[in-house]
Structures are given as structure tokens and as C-alpha cells.
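Source file upload.pdb; content: PDB, C-alpha atoms.
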ATOM      1  CA  MET A  84      24.657 -28.328   3.335  1.00  0.00           C
ATOM      2  CA  THR A  85      27.489 -26.166   2.017  1.00  0.00           C
ATOM      3  CA  LEU A  86      26.672 -23.127  -0.108  1.00  0.00           C
ATOM      4  CA  VAL A  87      29.078 -21.917  -2.777  1.00  0.00           C
ATOM      5  CA  LEU A  88      28.066 -18.320  -1.984  1.00  0.00           C
ATOM      6  CA  PRO A  89      26.780 -16.667   1.206  1.00  0.00           C
ATOM      7  CA  ALA A  90      22.997 -17.000   1.447  1.00  0.00           C
ATOM      8  CA  PRO A  91      21.252 -13.650   0.900  1.00  0.00           C
ATOM      9  CA  ALA A  92      19.608 -12.050   3.898  1.00  0.00           C
ATOM     10  CA  THR A  93      15.835 -12.425   4.159  1.00  0.00           C
ATOM     11  CA  PRO A  94      14.109  -9.136   3.219  1.00  0.00           C
ATOM     12  CA  THR A  95      11.846  -7.823   5.981  1.00  0.00           C
ATOM     13  CA  VAL A  96       9.408  -5.022   6.677  1.00  0.00           C
ATOM     14  CA  ALA A  97       8.543  -3.332   9.948  1.00  0.00           C
ATOM     15  CA  VAL A  98       5.747  -4.465  12.258  1.00  0.00           C
ATOM     16  CA  ALA A  99       3.646  -1.742  13.879  1.00  0.00           C
ATOM     17  CA  GLY A 100       4.221  -1.316  17.607  1.00  0.00           C
ATOM     18  CA  SER A 101       7.032  -3.862  17.739  1.00  0.00           C
ATOM     19  CA  ASP A 102      10.764  -4.282  17.201  1.00  0.00           C
ATOM     20  CA  ALA A 103       9.972  -7.526  15.347  1.00  0.00           C
ATOM     21  CA  ARG A 104      10.081  -7.655  11.554  1.00  0.00           C
ATOM     22  CA  PHE A 105       7.849  -9.421   9.015  1.00  0.00           C
ATOM     23  CA  PRO A 106       9.867 -11.660   6.636  1.00  0.00           C
ATOM     24  CA  VAL A 107       9.063 -11.124   2.967  1.00  0.00           C
ATOM     25  CA  ARG A 108       8.951 -14.153   0.679  1.00  0.00           C
ATOM     26  CA  ARG A 109       7.339 -12.797  -2.510  1.00  0.00           C
ATOM     27  CA  ILE A 110       5.456  -9.692  -3.622  1.00  0.00           C
ATOM     28  CA  PHE A 111       2.398 -10.098  -5.847  1.00  0.00           C
ATOM     29  CA  CYS A 112       0.702  -7.012  -7.297  1.00  0.00           C
ATOM     30  CA  VAL A 113      -2.810  -6.699  -8.734  1.00  0.00           C
ATOM     31  CA  GLY A 114      -3.072  -4.637 -11.905  1.00  0.00           C
ATOM     32  CA  ARG A 115      -5.802  -2.069 -12.527  1.00  0.00           C
ATOM     33  CA  ASN A 116      -8.011  -2.915  -9.546  1.00  0.00           C
ATOM     34  CA  TYR A 117      -9.843   0.437  -9.330  1.00  0.00           C
ATOM     35  CA  GLU A 118     -12.236   1.453 -12.120  1.00  0.00           C
ATOM     36  CA  ALA A 119     -11.066   5.063 -12.431  1.00  0.00           C
ATOM     37  CA  HIS A 120      -7.420   4.005 -12.611  1.00  0.00           C
ATOM     38  CA  ALA A 121      -8.207   1.448 -15.327  1.00  0.00           C
ATOM     39  CA  ARG A 122      -9.798   4.244 -17.346  1.00  0.00           C
ATOM     40  CA  GLU A 123      -6.859   6.622 -16.871  1.00  0.00           C
ATOM     41  CA  MET A 124      -4.570   3.855 -18.141  1.00  0.00           C
ATOM     42  CA  GLY A 125      -6.736   3.543 -21.243  1.00  0.00           C
ATOM     43  CA  LYS A 126      -8.338   0.204 -20.362  1.00  0.00           C
ATOM     44  CA  ASP A 127     -11.899  -1.064 -20.001  1.00  0.00           C
ATOM     45  CA  PRO A 128     -12.801  -1.192 -16.276  1.00  0.00           C
ATOM     46  CA  ASP A 129     -15.234  -4.098 -16.706  1.00  0.00           C
ATOM     47  CA  ARG A 130     -14.853  -6.821 -14.099  1.00  0.00           C
ATOM     48  CA  GLU A 131     -12.635  -9.176 -16.069  1.00  0.00           C
ATOM     49  CA  PRO A 132     -10.528 -11.705 -14.101  1.00  0.00           C
ATOM     50  CA  PRO A 133      -7.760 -10.034 -12.081  1.00  0.00           C
ATOM     51  CA  PHE A 134      -4.196 -10.153 -13.377  1.00  0.00           C
ATOM     52  CA  PHE A 135      -0.928 -10.005 -11.474  1.00  0.00           C
ATOM     53  CA  PHE A 136       2.688  -8.984 -11.780  1.00  0.00           C
ATOM     54  CA  SER A 137       5.516  -9.388  -9.267  1.00  0.00           C
ATOM     55  CA  LYS A 138       8.264  -7.459  -7.560  1.00  0.00           C
ATOM     56  CA  PRO A 139      11.340  -9.070  -6.006  1.00  0.00           C
ATOM     57  CA  ALA A 140      11.205  -9.443  -2.244  1.00  0.00           C
ATOM     58  CA  ASP A 141      14.337  -7.341  -1.824  1.00  0.00           C
ATOM     59  CA  ALA A 142      12.645  -4.359  -3.529  1.00  0.00           C
ATOM     60  CA  VAL A 143      11.039  -3.496  -0.161  1.00  0.00           C
ATOM     61  CA  VAL A 144      11.869  -0.161   1.464  1.00  0.00           C
ATOM     62  CA  ASP A 145      10.731   1.066   4.875  1.00  0.00           C
ATOM     63  CA  SER A 146       8.793   4.263   5.390  1.00  0.00           C
ATOM     64  CA  GLY A 147      11.011   7.252   6.111  1.00  0.00           C
ATOM     65  CA  GLU A 148      13.810   6.241   3.754  1.00  0.00           C
ATOM     66  CA  THR A 149      15.075   8.173   0.734  1.00  0.00           C
ATOM     67  CA  VAL A 150      14.693   6.467  -2.648  1.00  0.00           C
ATOM     68  CA  ALA A 151      16.994   7.651  -5.402  1.00  0.00           C
ATOM     69  CA  TYR A 152      15.364   8.587  -8.705  1.00  0.00           C
ATOM     70  CA  PRO A 153      15.905   5.335 -10.622  1.00  0.00           C
ATOM     71  CA  PRO A 154      17.906   4.908 -13.840  1.00  0.00           C
ATOM     72  CA  GLN A 155      16.537   4.565 -17.375  1.00  0.00           C
ATOM     73  CA  THR A 156      13.333   6.517 -16.783  1.00  0.00           C
ATOM     74  CA  GLU A 157      12.011  10.014 -17.354  1.00  0.00           C
ATOM     75  CA  ASN A 158       8.538   9.275 -15.950  1.00  0.00           C
ATOM     76  CA  PHE A 159       8.783   7.912 -12.408  1.00  0.00           C
ATOM     77  CA  HIS A 160       5.346   7.419 -10.775  1.00  0.00           C
ATOM     78  CA  TYR A 161       3.782   6.854  -7.353  1.00  0.00           C
ATOM     79  CA  GLU A 162       0.903   4.421  -6.707  1.00  0.00           C
ATOM     80  CA  ALA A 163      -0.828   4.270  -3.304  1.00  0.00           C
ATOM     81  CA  GLU A 164      -1.859   0.726  -2.337  1.00  0.00           C
ATOM     82  CA  LEU A 165      -3.289  -1.417   0.451  1.00  0.00           C
ATOM     83  CA  VAL A 166      -0.844  -4.254   1.188  1.00  0.00           C
ATOM     84  CA  VAL A 167      -1.942  -7.658   2.489  1.00  0.00           C
ATOM     85  CA  ALA A 168       0.573  -9.734   4.492  1.00  0.00           C
ATOM     86  CA  ILE A 169      -0.043 -13.487   4.307  1.00  0.00           C
ATOM     87  CA  GLY A 170       0.482 -15.400   7.545  1.00  0.00           C
ATOM     88  CA  LYS A 171      -0.876 -18.836   6.596  1.00  0.00           C
ATOM     89  CA  GLY A 172      -0.209 -20.444   3.261  1.00  0.00           C
ATOM     90  CA  GLY A 173      -2.479 -22.514   1.093  1.00  0.00           C
ATOM     91  CA  CYS A 174      -3.694 -23.288  -2.389  1.00  0.00           C
ATOM     92  CA  ASN A 175      -7.209 -23.354  -3.824  1.00  0.00           C
ATOM     93  CA  ILE A 176      -8.335 -21.170  -0.914  1.00  0.00           C
ATOM     94  CA  ALA A 177     -12.084 -20.593  -0.798  1.00  0.00           C
ATOM     95  CA  GLU A 178     -13.131 -16.957  -0.813  1.00  0.00           C
ATOM     96  CA  ALA A 179     -15.022 -17.544   2.462  1.00  0.00           C
ATOM     97  CA  ASP A 180     -11.790 -18.725   4.122  1.00  0.00           C
ATOM     98  CA  ALA A 181      -9.396 -16.174   2.608  1.00  0.00           C
ATOM     99  CA  LEU A 182      -9.320 -13.730   5.512  1.00  0.00           C
ATOM    100  CA  ASP A 183      -8.074 -16.508   7.815  1.00  0.00           C
ATOM    101  CA  HIS A 184      -4.804 -16.522   5.837  1.00  0.00           C
ATOM    102  CA  ILE A 185      -3.964 -12.858   6.518  1.00  0.00           C
ATOM    103  CA  TRP A 186      -1.467 -11.870   9.212  1.00  0.00           C
ATOM    104  CA  GLY A 187      -1.906  -8.152   8.748  1.00  0.00           C
ATOM    105  CA  TYR A 188      -2.169  -5.085   6.530  1.00  0.00           C
ATOM    106  CA  ALA A 189       0.133  -2.208   5.589  1.00  0.00           C
ATOM    107  CA  VAL A 190       0.249   0.997   3.572  1.00  0.00           C
ATOM    108  CA  GLY A 191       2.238   0.679   0.342  1.00  0.00           C
ATOM    109  CA  ASN A 192       3.574   2.705  -2.562  1.00  0.00           C
ATOM    110  CA  ASP A 193       4.162   0.806  -5.819  1.00  0.00           C
ATOM    111  CA  LEU A 194       6.875   2.918  -7.466  1.00  0.00           C
ATOM    112  CA  THR A 195       6.779   2.595 -11.245  1.00  0.00           C
ATOM    113  CA  ARG A 196       8.969   3.521 -14.194  1.00  0.00           C
ATOM    114  CA  ARG A 197       5.874   4.377 -16.214  1.00  0.00           C
ATOM    115  CA  ASP A 198       7.595   5.008 -19.529  1.00  0.00           C
ATOM    116  CA  LEU A 199       9.267   1.588 -19.420  1.00  0.00           C
ATOM    117  CA  GLN A 200       6.035  -0.113 -18.314  1.00  0.00           C
ATOM    118  CA  LEU A 201       3.967   1.403 -21.126  1.00  0.00           C
ATOM    119  CA  ALA A 202       6.613   0.755 -23.764  1.00  0.00           C
ATOM    120  CA  ALA A 203       6.631  -2.926 -22.771  1.00  0.00           C
ATOM    121  CA  ARG A 204       2.831  -3.123 -22.569  1.00  0.00           C
ATOM    122  CA  ASP A 205       2.375  -1.649 -26.020  1.00  0.00           C
ATOM    123  CA  VAL A 206       4.436  -4.399 -27.649  1.00  0.00           C
ATOM    124  CA  GLY A 207       3.117  -7.214 -25.451  1.00  0.00           C
ATOM    125  CA  ARG A 208       6.252  -7.645 -23.346  1.00  0.00           C
ATOM    126  CA  PRO A 209       6.488  -8.211 -19.569  1.00  0.00           C
ATOM    127  CA  TRP A 210       6.401  -5.227 -17.219  1.00  0.00           C
ATOM    128  CA  ASP A 211       9.459  -6.218 -15.167  1.00  0.00           C
ATOM    129  CA  PHE A 212      11.672  -3.238 -16.064  1.00  0.00           C
ATOM    130  CA  GLY A 213       8.807  -0.851 -15.298  1.00  0.00           C
ATOM    131  CA  LYS A 214       7.730  -2.445 -12.020  1.00  0.00           C
ATOM    132  CA  ALA A 215      10.334  -4.833 -10.577  1.00  0.00           C
ATOM    133  CA  PHE A 216      13.347  -2.572 -10.176  1.00  0.00           C
ATOM    134  CA  ASP A 217      15.447  -1.933  -7.057  1.00  0.00           C
ATOM    135  CA  ARG A 218      13.733  -0.193  -4.104  1.00  0.00           C
ATOM    136  CA  SER A 219      10.393  -0.023  -5.906  1.00  0.00           C
ATOM    137  CA  ALA A 220       8.122  -1.319  -3.112  1.00  0.00           C
ATOM    138  CA  ILE A 221       7.606   1.084  -0.219  1.00  0.00           C
ATOM    139  CA  ILE A 222       5.915  -0.930   2.527  1.00  0.00           C
ATOM    140  CA  GLY A 223       4.872   0.671   5.797  1.00  0.00           C
ATOM    141  CA  PRO A 224       4.718  -1.146   9.137  1.00  0.00           C
ATOM    142  CA  VAL A 225       2.456  -4.203   9.012  1.00  0.00           C
ATOM    143  CA  HIS A 226      -0.480  -3.958  11.401  1.00  0.00           C
ATOM    144  CA  ALA A 227      -1.641  -7.281  12.831  1.00  0.00           C
ATOM    145  CA  VAL A 228      -5.225  -8.270  12.068  1.00  0.00           C
ATOM    146  CA  SER A 229      -5.745  -8.741  15.794  1.00  0.00           C
ATOM    147  CA  GLU A 230      -5.260  -4.981  16.180  1.00  0.00           C
ATOM    148  CA  THR A 231      -6.971  -3.598  13.068  1.00  0.00           C
ATOM    149  CA  GLY A 232      -9.449  -6.176  11.810  1.00  0.00           C
ATOM    150  CA  HIS A 233      -9.938  -6.398   8.046  1.00  0.00           C
ATOM    151  CA  PRO A 234     -10.221  -2.970   6.355  1.00  0.00           C
ATOM    152  CA  ALA A 235     -12.775  -3.289   3.551  1.00  0.00           C
ATOM    153  CA  LYS A 236     -13.570   0.419   3.350  1.00  0.00           C
ATOM    154  CA  GLY A 237     -11.993   3.701   4.357  1.00  0.00           C
ATOM    155  CA  SER A 238      -9.835   6.446   2.893  1.00  0.00           C
ATOM    156  CA  ILE A 239      -6.721   5.717   0.831  1.00  0.00           C
ATOM    157  CA  ARG A 240      -4.875   8.916  -0.002  1.00  0.00           C
ATOM    158  CA  LEU A 241      -1.535  10.007  -1.472  1.00  0.00           C
ATOM    159  CA  ALA A 242       0.049  13.450  -1.433  1.00  0.00           C
ATOM    160  CA  VAL A 243       3.193  14.891  -3.012  1.00  0.00           C
ATOM    161  CA  ASN A 244       4.722  17.811  -1.105  1.00  0.00           C
ATOM    162  CA  GLY A 245       1.434  18.167   0.774  1.00  0.00           C
ATOM    163  CA  VAL A 246      -0.756  18.308  -2.354  1.00  0.00           C
ATOM    164  CA  VAL A 247      -3.290  15.458  -2.554  1.00  0.00           C
ATOM    165  CA  LYS A 248      -2.955  13.467  -5.787  1.00  0.00           C
ATOM    166  CA  GLN A 249      -4.927  10.286  -5.050  1.00  0.00           C
ATOM    167  CA  ASP A 250      -8.041  10.214  -2.883  1.00  0.00           C
ATOM    168  CA  ALA A 251     -10.321   7.174  -2.908  1.00  0.00           C
ATOM    169  CA  ASP A 252     -11.944   4.524  -0.723  1.00  0.00           C
ATOM    170  CA  LEU A 253     -10.915   0.891  -0.266  1.00  0.00           C
ATOM    171  CA  ALA A 254     -14.523  -0.041  -0.990  1.00  0.00           C
ATOM    172  CA  GLU A 255     -13.862   0.935  -4.625  1.00  0.00           C
ATOM    173  CA  LEU A 256     -11.610  -2.092  -5.238  1.00  0.00           C
ATOM    174  CA  ILE A 257     -12.926  -4.015  -8.247  1.00  0.00           C
ATOM    175  CA  TRP A 258     -11.717  -7.302  -6.737  1.00  0.00           C
ATOM    176  CA  SER A 259     -11.934  -7.455  -2.934  1.00  0.00           C
ATOM    177  CA  VAL A 260      -9.102  -8.788  -0.786  1.00  0.00           C
ATOM    178  CA  PRO A 261     -10.783 -12.201  -0.221  1.00  0.00           C
ATOM    179  CA  GLU A 262     -11.444 -12.524  -3.948  1.00  0.00           C
ATOM    180  CA  VAL A 263      -7.842 -11.635  -4.811  1.00  0.00           C
ATOM    181  CA  ILE A 264      -6.421 -14.170  -2.339  1.00  0.00           C
ATOM    182  CA  SER A 265      -8.731 -16.920  -3.532  1.00  0.00           C
ATOM    183  CA  TYR A 266      -8.090 -16.271  -7.225  1.00  0.00           C
ATOM    184  CA  LEU A 267      -4.302 -16.084  -6.813  1.00  0.00           C
ATOM    185  CA  SER A 268      -4.171 -19.230  -4.672  1.00  0.00           C
ATOM    186  CA  HIS A 269      -5.844 -21.256  -7.411  1.00  0.00           C
ATOM    187  CA  SER A 270      -2.820 -20.592  -9.613  1.00  0.00           C
ATOM    188  CA  ILE A 271       0.065 -20.266  -7.129  1.00  0.00           C
ATOM    189  CA  ALA A 272       0.320 -21.778  -3.653  1.00  0.00           C
ATOM    190  CA  LEU A 273       0.548 -18.885  -1.209  1.00  0.00           C
ATOM    191  CA  ALA A 274       2.995 -19.085   1.688  1.00  0.00           C
ATOM    192  CA  PRO A 275       3.673 -17.201   4.926  1.00  0.00           C
ATOM    193  CA  GLY A 276       5.621 -14.045   4.167  1.00  0.00           C
ATOM    194  CA  ASP A 277       3.941 -13.336   0.825  1.00  0.00           C
ATOM    195  CA  LEU A 278       2.763  -9.755   0.310  1.00  0.00           C
ATOM    196  CA  ILE A 279      -0.055  -8.727  -2.011  1.00  0.00           C
ATOM    197  CA  MET A 280      -0.245  -5.124  -3.235  1.00  0.00           C
ATOM    198  CA  THR A 281      -3.923  -4.768  -4.104  1.00  0.00           C
ATOM    199  CA  GLY A 282      -3.918  -2.021  -6.742  1.00  0.00           C
ATOM    200  CA  THR A 283      -3.968   1.764  -6.909  1.00  0.00           C
ATOM    201  CA  PRO A 284      -6.731   4.367  -7.334  1.00  0.00           C
ATOM    202  CA  ALA A 285      -6.845   6.995 -10.076  1.00  0.00           C
ATOM    203  CA  GLY A 286      -4.524   9.976  -9.938  1.00  0.00           C
ATOM    204  CA  VAL A 287      -1.134   8.366 -10.538  1.00  0.00           C
ATOM    205  CA  GLY A 288       1.552  10.801 -11.580  1.00  0.00           C
ATOM    206  CA  PRO A 289       5.233  11.703 -11.634  1.00  0.00           C
ATOM    207  CA  LEU A 290       7.795  12.198  -8.913  1.00  0.00           C
ATOM    208  CA  VAL A 291      11.011  14.211  -9.197  1.00  0.00           C
ATOM    209  CA  PRO A 292      14.078  14.532  -6.973  1.00  0.00           C
ATOM    210  CA  GLY A 293      13.276  16.468  -3.817  1.00  0.00           C
ATOM    211  CA  ASP A 294       9.635  15.381  -3.668  1.00  0.00           C
ATOM    212  CA  VAL A 295       8.202  14.029  -0.414  1.00  0.00           C
ATOM    213  CA  CYS A 296       5.479  11.468  -1.086  1.00  0.00           C
ATOM    214  CA  THR A 297       3.085  10.402   1.681  1.00  0.00           C
ATOM    215  CA  VAL A 298       0.455   7.655   1.601  1.00  0.00           C
ATOM    216  CA  SER A 299      -2.212   7.122   4.243  1.00  0.00           C
ATOM    217  CA  ILE A 300      -4.954   4.543   4.756  1.00  0.00           C
ATOM    218  CA  LYS A 301      -7.616   4.881   7.421  1.00  0.00           C
ATOM    219  CA  GLY A 302      -6.697   2.740  10.415  1.00  0.00           C
ATOM    220  CA  LEU A 303      -3.193   1.934   9.120  1.00  0.00           C
ATOM    221  CA  GLY A 304      -1.451   5.283   9.466  1.00  0.00           C
ATOM    222  CA  GLU A 305       0.838   7.073   7.027  1.00  0.00           C
ATOM    223  CA  ILE A 306       4.122   6.346   5.268  1.00  0.00           C
ATOM    224  CA  SER A 307       6.552   8.862   3.810  1.00  0.00           C
ATOM    225  CA  THR A 308       9.240   8.656   1.143  1.00  0.00           C
ATOM    226  CA  THR A 309      11.704  11.291  -0.056  1.00  0.00           C
ATOM    227  CA  ILE A 310      12.919  11.088  -3.643  1.00  0.00           C
ATOM    228  CA  GLY A 311      16.665  11.573  -3.889  1.00  0.00           C
ATOM    229  CA  PRO A 312      18.888  12.565  -6.816  1.00  0.00           C
ATOM    230  CA  ARG A 313      19.038  10.327  -9.870  1.00  0.00           C
ATOM    231  CA  ASP A 314      20.737   7.013  -9.113  1.00  0.00           C
TER
END

Could the structure of this file be written out as C-alpha cells, please?
Amino acid sequence: MTLVLPAPATPTVAVAGSDARFPVRRIFCVGRNYEAHAREMGKDPDREPPFFFSKPADAVVDSGETVAYPPQTENFHYEAELVVAIGKGGCNIAEADALDHIWGYAVGNDLTRRDLQLAARDVGRPWDFGKAFDRSAIIGPVHAVSETGHPAKGSIRLAVNGVVKQDADLAELIWSVPEVISYLSHSIALAPGDLIMTGTPAGVGPLVPGDVCTVSIKGLGEISTTIGPRD
């Protein structure tokens, strides 16, 4: 097969304790999956069916990198998240079998142009400009399930310049990881390399150039991002 343009490189994220990299196929994100965060976003936290949005695979950024303050926003937010890395694909996955499809877990930061997201939400438009922009998915090293097991509880915390802004427990997820995988797979066939960002706790807020943002999850370590000058 001859391509009329060079094929783009496959986006990858680091693997903990290894020089190998995890190839990224797609990034799915769960919206409002902690009760307190749903309330702070002005929504009812009742357990309605989960909903999803996406980020492009090449939005991934490793821990330790500098991310420029993005264009077209005056309200640039952090969101600490548990990230699930899919190692075995499937569709119509039963909740009882969902964990068998996971290769590993990582710490994530779903960077958001909040003003653009809310402006789109308020008129019923897609969130893409608020969520799916360049370098908007900070993904820490993926830890293999064989090393960490399946974290269903434990601290998830975010700090800006050393000041804690988000502090919650993974057990507070409205929809658990197996439930999220099962629900998503009944609509879209999952494949190896897919990442799922599982939602953020309450306490989201702004970042400005010069800020250092750290996210930690018990058993998965910590990631760090410096915010650079406006792009």
C-alpha cells in the first residue's frame, strides 16, 4: 500500500519501570463521575447513565513536561483522574469480565478550557474545543495490573504549587471502573491501546503560567506538569 502522505506516528505513554511505551489508540473520558464534582458543575449527581466525551490520542503528554497555556481561553482548569489502559478489546463486555480487559492504570490530568466547555454546554453544542485541544491529556506512566492489582479505593489528590486543591477517594466514583468499561463497550467496541479517563473529584480550578500542578493516586505514584507561557 502506498500512502499519499507519511503515516502519523503512534502516540504513546510511558510504562512504569520500563523503557517500553504503551501505544494509545483512543481516549474516552467519563463526565461528572463524582457526586461532589457534579454538584459544583451545577448538575444533579443522581446515578443517571454515564456519558462520555473524547480526546485525540495525540493530546497525550508525559509527566514532567511543560504545557503552554493554551489559546482562546481565560479559564484553564486541572482535573485529577484515574486512567484505565485497555489491553484486550471487546464489545458487549459483561461487568463481571471487565477487569480482564485492563492492561494497567495511570494517574491523569484532564486539562480543560473551562470557559469554552461551559459556553458550548449552555447552548447544547459539543465540548470538543473545551476538552479535545492539543496537549490536554497528561498521562503518567502506566502501571501493569500484574504489579498493582485493580485500585478500587485509595487517595486521589491534586495540588497546585504545593497547595492541595482536590482530595478524594477512588471509592467515591459514581460509576466503577468495571461498570464504565461494560457500559462503554455496549456502544463502542473497545480495542487494545484505548485509554479511559474515569472522571474527576470536586475542587477543579484554574491554572496560570508558572504553576506546577501535581496529581497523585495511592499505589500509582505522582505526576507533575508545569504551565508555560501562553501558546

Applying 9 Å and all atoms listed in the file, which residues near range 155-171 of chain A remain after dropping the ones on its own chain fewer than 6 positions away? List them as a count of residues only.
54

How many Å separate CA of Asp294 in chain A from CA of Gly311 in chain A?
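Result for CA of Asp294 in chain A versus CA of Gly311 in chain A: 8.0 Å, one decimal.
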
Could you tell me which of A:Pro139, A:Pro261, A:Gly207, A:Pro292 comes closest to Phe111 in chain A if we count all atoms listed in the file?
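Counting all atoms listed in the file, the residue closest to Phe111 in chain A is A:Pro139.
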
Residue with smallest distance to Pro234 in chain A - pool A:Arg208, A:Lys248, A:Lys301, A:Lys214, counting all atoms listed in the file
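Result for the nearest residue to Pro234 in chain A: A:Lys301.
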
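You will find CA of Pro153 in chain A at 23.3 Å from CA of Glu305 in chain A.
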
Name the residues that the PyMOL selection byres ((chain A and resi 91-98) around 8) picks from the file above, as a compact mmCIF listing (two decimals) with C-alpha atoms, in the coordinates of the input, using the file's chain letters and numbers.
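part_27.txt, freshly written:
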# COMPACT_ATOMS: atom_id res chain seq x y z
CA PRO A 89 26.78 -16.67 1.21
CA ALA A 90 23.00 -17.00 1.45
CA ALA A 99 3.65 -1.74 13.88
CA GLY A 100 4.22 -1.32 17.61
CA SER A 101 7.03 -3.86 17.74
CA ASP A 102 10.76 -4.28 17.20
CA ALA A 103 9.97 -7.53 15.35
CA ARG A 104 10.08 -7.66 11.55
CA PHE A 105 7.85 -9.42 9.02
CA PRO A 106 9.87 -11.66 6.64
CA VAL A 107 9.06 -11.12 2.97
CA ARG A 108 8.95 -14.15 0.68
CA ALA A 140 11.20 -9.44 -2.24
CA ASP A 141 14.34 -7.34 -1.82
CA VAL A 143 11.04 -3.50 -0.16
CA VAL A 144 11.87 -0.16 1.46
CA ASP A 145 10.73 1.07 4.88
CA ILE A 222 5.92 -0.93 2.53
CA GLY A 223 4.87 0.67 5.80
CA PRO A 224 4.72 -1.15 9.14
CA VAL A 225 2.46 -4.20 9.01
CA HIS A 226 -0.48 -3.96 11.40
CA ALA A 227 -1.64 -7.28 12.83

Which of A:Leu182, A:Ile264, A:Gly302, A:His233 sits closest to Cys112 in chain A [using only C-alpha atoms]:
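Of A:Leu182, A:Ile264, A:Gly302, A:His233, the one nearest Cys112 in chain A, counting only C-alpha atoms, is A:Ile264.
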
Distance of CA of Ile271 in chain A from CA of Ala179 in chain A, expressed in Å to one decimal place:
18.1 Å

Grab all the atoms of range 176-188 of chain A that the file lists, wrap them in a box along x, y and z, add 3 Å per side, and give me centre plus edge lengths in Å (one decimal) as JSON.
{"center_x": -8.2, "center_y": -13.1, "center_z": 4.1, "size_x": 19.6, "size_y": 22.1, "size_z": 16.1}

For each of A:Glu178, A:Asp217, A:Glu230, A:Glu118, take the minimum atom-to-atom distance to Tyr266 in chain A, counting only C-alpha atoms, then give the residue where this is smallest.
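Checking each candidate against Tyr266 in chain A, we get A:Glu178 as the closest.
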
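Nearest residue to Asp314 in chain A among A:Ser229, A:Asn175, A:Thr149, A:Asn116 is A:Thr149, counting all atoms listed in the file.
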
Which residues, named as in the file, does the PyMOL selection byres ((chain A and resi 133) around 9) pick out? Answer as a list in words.
Val113, Gly114, Arg115, Asn116, Arg130, Glu131, Pro132, Phe134, Phe135, Ile257, Trp258, Val263, Tyr266 and Leu267 of chain A

Determine the nearest neighbour of Thr309 in chain A from the options A:Ile176, A:Ala181, A:Val228, A:Ala151, counting all atoms listed in the file.
A:Ala151
